[in-house]
Amino acid sequence: MYQIGERIIYGSTGVCEIKEIGPLEIQGAKKGVDYYTLSPVFQEGRIFAPVDTSVYIRPVLTRDEALNLIRQIPDINEDIPDDSNPRMLNDYYRVCLKSGDCLDLVRLVRVIYAKEKRAEKKGRHLGQVDERSMKRAEEMLHNELACALGIKPDDVRGFITEMLEP
């Protein structure tokens with residue numbers, strides 16, 4: 001069980017802070033069940049999730065884990081699954097995004113970036129699914145890395161570039 005004040009990754013919402021833990025006194029809440037009251041860090045709103053929820057929850061990366069992930073980026077495989085089959089590619093994107101795992105998100109960004117470079121050589125553009133998936137993966141990844149590194153999400157790309165420059 002997580003504690004009040006901890007930052008976690010909650011499903012596809014991303015980084016949230018636990019504000020309260022306990023039963024809810026609102027209509028529709030199950031009696032005798034403890035809930036996390038979550039506040040998304042980079043969005044507005046409030047989420048009430050049962051402590052035993054089936055939604056994916058994990059702690060935010062530590063600073064050391066984030067730095068280690070960034071160091072691995074150049075070595076992360078960017079092999080594209082069968083991109084001639086849009087349905088399989090879309091399923092691959094959906095699985096990576098749903099996992100919320102930073103390694104999967106980096107891999108997804110690298111896969112789509114490589115696909116974009118190949119398309120540019122042919123005078124083409126990425127499709128909407130590719131663009132949306134890359135934008136969402138970058139957003140999820142940058143938000144978590146920003147939280148772990150104590151910087152703004154908009155500064156993550158520059159931080160990564162600077163760290164990986166020889």
# chains A, B, ... in the order shown; residues from 1 in each chain; ligands from 1
>>> residues_around(residues="stretch 14-21 of chain A", least_positions_apart="6", cutoff="6 Å", atoms="only C-alpha atoms", output="PyMOL selection string")
chain A and resi 4-8+35-41
>>> write_last_selection(atoms="C-alpha atoms", output="compact mmCIF listing (two decimals), in the first residue's frame")
# COMPACT_ATOMS: atom_id res chain seq x y z
CA ILE A 4 -0.03 9.90 1.55
CA GLY A 5 2.33 12.25 -0.27
CA GLU A 6 3.84 9.57 -2.51
CA ARG A 7 3.89 10.09 -6.24
CA ILE A 8 2.80 7.15 -8.32
CA TYR A 35 -9.73 4.61 -1.56
CA TYR A 36 -6.73 6.58 -2.72
CA THR A 37 -7.57 10.20 -3.43
CA LEU A 38 -5.18 11.07 -6.23
CA SER A 39 -4.26 14.42 -7.66
CA PRO A 40 -2.72 14.28 -11.14
CA VAL A 41 0.53 16.26 -11.04
>>> select_by_dssp(residues="stretch 11-161 of chain A", states="strand (DSSP E or B)", output="short mmCIF file (atom, residue, chain, number, x, y, z; two decimals) with C-alpha atoms, in the first residue's frame")
data_model
loop_
_atom_site.label_atom_id
_atom_site.label_comp_id
_atom_site.auth_asym_id
_atom_site.auth_seq_id
_atom_site.Cartn_x
_atom_site.Cartn_y
_atom_site.Cartn_z
CA GLY A 14 0.37 9.18 -15.38
CA VAL A 15 2.00 10.88 -12.41
CA CYS A 16 -0.35 11.41 -9.47
CA GLU A 17 0.19 12.36 -5.85
CA ILE A 18 -1.68 10.50 -3.13
CA LYS A 19 -3.57 13.12 -1.15
CA GLU A 20 -5.69 10.90 1.11
CA ILE A 21 -6.30 7.25 1.89
CA GLY A 22 -9.50 6.01 3.48
CA TYR A 35 -9.73 4.61 -1.56
CA TYR A 36 -6.73 6.58 -2.72
CA THR A 37 -7.57 10.20 -3.43
CA LEU A 38 -5.18 11.07 -6.23
CA SER A 39 -4.26 14.42 -7.66
CA PRO A 40 -2.72 14.28 -11.14
CA ILE A 47 -9.25 10.61 -8.92
CA PHE A 48 -10.76 8.23 -6.39
CA ALA A 49 -9.35 4.72 -6.78
CA PRO A 50 -9.94 1.73 -4.54
CA ILE A 57 -0.18 1.52 -10.24
CA ARG A 58 3.55 1.75 -9.55
CA PRO A 59 5.96 4.16 -7.89
#
>>> residues_around(residues="stretch 99-111 of chain A", least_positions_apart="6", cutoff="8 Å", atoms="only C-alpha atoms", output="list in words")
Ile9, Gly11, Ser12, Gly14, Tyr56, Leu69, Ile73, Ile76, Asn77, Glu78, Asp79, Ile80, Tyr93, Met134, Ala137, Glu138, Met140 and Leu141 of chain A
>>> atom_distance(atom1="atom CA of A:Leu67", atom2="atom CA of A:Glu165")
14.0 Å
>>> atom_distance(atom1="atom CA of A:Met1", atom2="atom CA of A:Asp52")
8.8 Å
>>> decode(residues="stretch 14-112 of chain A", atoms="C-alpha atoms", output="compact mmCIF listing (two decimals), in the first residue's frame")
# COMPACT_ATOMS: atom_id res chain seq x y z
CA GLY A 14 0.37 9.18 -15.38
CA VAL A 15 2.00 10.88 -12.41
CA CYS A 16 -0.35 11.41 -9.47
CA GLU A 17 0.19 12.36 -5.85
CA ILE A 18 -1.68 10.50 -3.13
CA LYS A 19 -3.57 13.12 -1.15
CA GLU A 20 -5.69 10.90 1.11
CA ILE A 21 -6.30 7.25 1.89
CA GLY A 22 -9.50 6.01 3.48
CA PRO A 23 -13.19 5.37 2.97
CA LEU A 24 -15.15 7.78 0.81
CA GLU A 25 -18.33 9.43 1.94
CA ILE A 26 -19.71 10.06 -1.53
CA GLN A 27 -22.52 8.49 -3.46
CA GLY A 28 -21.44 5.39 -5.37
CA ALA A 29 -18.45 4.61 -3.15
CA LYS A 30 -18.39 1.10 -1.71
CA LYS A 31 -18.79 0.94 2.04
CA GLY A 32 -15.88 -0.53 3.98
CA VAL A 33 -13.43 0.03 1.11
CA ASP A 34 -10.42 2.31 1.36
CA TYR A 35 -9.73 4.61 -1.56
CA TYR A 36 -6.73 6.58 -2.72
CA THR A 37 -7.57 10.20 -3.43
CA LEU A 38 -5.18 11.07 -6.23
CA SER A 39 -4.26 14.42 -7.66
CA PRO A 40 -2.72 14.28 -11.14
CA VAL A 41 0.53 16.26 -11.04
CA PHE A 42 0.45 17.57 -14.61
CA GLN A 43 -3.32 17.77 -15.12
CA GLU A 44 -6.34 19.12 -13.33
CA GLY A 45 -8.71 16.90 -11.45
CA ARG A 46 -9.04 14.38 -8.70
CA ILE A 47 -9.25 10.61 -8.92
CA PHE A 48 -10.76 8.23 -6.39
CA ALA A 49 -9.35 4.72 -6.78
CA PRO A 50 -9.94 1.73 -4.54
CA VAL A 51 -6.72 0.69 -2.82
CA ASP A 52 -7.12 -2.76 -4.37
CA THR A 53 -7.79 -1.37 -7.86
CA SER A 54 -6.99 -3.41 -10.95
CA VAL A 55 -5.67 -0.26 -12.64
CA TYR A 56 -1.92 -0.29 -13.11
CA ILE A 57 -0.18 1.52 -10.24
CA ARG A 58 3.55 1.75 -9.55
CA PRO A 59 5.96 4.16 -7.89
CA VAL A 60 7.49 6.95 -9.99
CA LEU A 61 11.07 6.25 -11.01
CA THR A 62 13.75 7.43 -8.63
CA ARG A 63 16.30 9.97 -9.84
CA ASP A 64 18.93 7.23 -10.22
CA GLU A 65 16.52 5.00 -12.17
CA ALA A 66 15.64 7.92 -14.46
CA LEU A 67 19.31 8.72 -15.11
CA ASN A 68 20.05 5.04 -15.82
CA LEU A 69 17.13 4.88 -18.25
CA ILE A 70 18.39 7.96 -20.10
CA ARG A 71 21.87 6.44 -20.37
CA GLN A 72 20.31 3.32 -21.97
CA ILE A 73 18.39 5.23 -24.65
CA PRO A 74 21.02 4.88 -27.41
CA ASP A 75 21.06 1.09 -26.91
CA ILE A 76 17.30 0.54 -26.85
CA ASN A 77 16.15 -1.51 -29.82
CA GLU A 78 14.10 0.38 -32.40
CA ASP A 79 13.06 -2.55 -34.56
CA ILE A 80 9.61 -1.90 -35.87
CA PRO A 81 7.09 -4.70 -35.68
CA ASP A 82 5.46 -5.54 -38.99
CA ASP A 83 4.59 -1.99 -40.02
CA SER A 84 2.90 -3.19 -43.19
CA ASN A 85 0.00 -4.33 -41.02
CA PRO A 86 -1.63 -1.22 -39.50
CA ARG A 87 -3.75 -3.28 -37.11
CA MET A 88 -0.74 -5.09 -35.63
CA LEU A 89 1.20 -1.84 -35.39
CA ASN A 90 -1.72 -0.11 -33.65
CA ASP A 91 -1.98 -3.04 -31.20
CA TYR A 92 1.76 -2.77 -30.50
CA TYR A 93 1.42 0.96 -29.81
CA ARG A 94 -1.59 0.39 -27.55
CA VAL A 95 0.22 -2.30 -25.51
CA CYS A 96 3.29 -0.08 -25.03
CA LEU A 97 1.17 2.88 -23.94
CA LYS A 98 -1.00 0.79 -21.64
CA SER A 99 2.01 -0.76 -19.91
CA GLY A 100 3.17 2.65 -18.71
CA ASP A 101 6.66 1.16 -18.46
CA CYS A 102 9.33 3.75 -19.25
CA LEU A 103 11.44 1.30 -21.23
CA ASP A 104 8.40 0.46 -23.39
CA LEU A 105 7.68 4.16 -23.86
CA VAL A 106 11.26 4.91 -24.92
CA ARG A 107 11.16 1.96 -27.32
CA LEU A 108 7.86 3.19 -28.76
CA VAL A 109 9.21 6.71 -29.30
CA ARG A 110 12.35 5.33 -30.95
CA VAL A 111 10.29 3.01 -33.19
CA ILE A 112 8.03 5.82 -34.38
